[in-house]
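Note sheet for the following structure.
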Amino acid sequence: MKWRIVIILSVLAFFLINCEERETEEVIIPAWMKVRLTELQESGECNGCILQRWTYNEQYYYHLYCGYWSCSNCEVYRSNGDKVVWGEFLDPADYEQNKHRPIKLWECGDEIN
């Protein structure tokens, strides 16, 4: 009987610890990316464009894609604004397989904040 109580209390403690409120990180569009998005909007070429932030190797990557472009990963940027050069320091196959936590930051027609 005592073991049942210990198990129940352990499960409750586990849920209390894991269900605590966590502070969520504010997701913003970096200033260097706002310049690129403004260019797209002002040129009228942003139809079908979307900006997503992905996590890969514990770092953020920003993926800008417009449906009419000929490649899907034409514009992928590191969090510091450097454009990714595929194969130089980043394997495209590994990136595709291991990127996760996509967050949509902007879509053509949205305000750039």
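How things are named: the first chain in the structure tokens is A, the next is B, and so on; residues count from 1 in each chain; ligands count from 1 in the order shown.
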
Which residues are close to Tyr61 of chain A, i.e. within 8 Å by only C-alpha atoms, leaving aside same-chain residues fewer than 3 positions away? Reply as a ChimeraX atom specification. /A:53-56,76-79

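Counting only C-alpha atoms, the residue from A:Tyr62, A:Trp32, A:Trp106, A:Phe89 that sits nearest to Cys74 of chain A is A:Tyr62.
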
Closest of A:Pro102, A:Trp69, A:Asn113, A:Asp91 to Cys46 of chain A, counting only C-alpha atoms, is A:Trp69

Coordinates-based distance that separates atom CA of Leu105 of chain A from atom CA of Leu64 of chain A (Å, one decimal):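 Between these atoms lies a distance of 9.9 Å.
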
Selection near Gly67 of chain A, 7 Å with only C-alpha atoms, sequence-local residues under 2 positions removed, as a PyMOL selection string: chain A and resi 48-49+65+69

Those same residues, written as a compact mmCIF listing (two decimals), in the first residue's frame with N, CA and C atoms?
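Final file, out-v7.txt:
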# COMPACT_ATOMS: atom_id res chain seq x y z
N GLY A 48 3.18 35.11 -52.84
CA GLY A 48 3.53 33.73 -52.52
C GLY A 48 4.78 33.58 -51.69
N CYS A 49 5.28 34.68 -51.12
CA CYS A 49 6.50 34.62 -50.31
C CYS A 49 6.16 34.40 -48.84
N TYR A 65 11.20 32.12 -48.81
CA TYR A 65 10.86 31.40 -50.03
C TYR A 65 9.67 32.05 -50.71
N TRP A 69 10.04 31.09 -57.26
CA TRP A 69 11.48 30.90 -57.40
C TRP A 69 11.77 29.49 -57.89
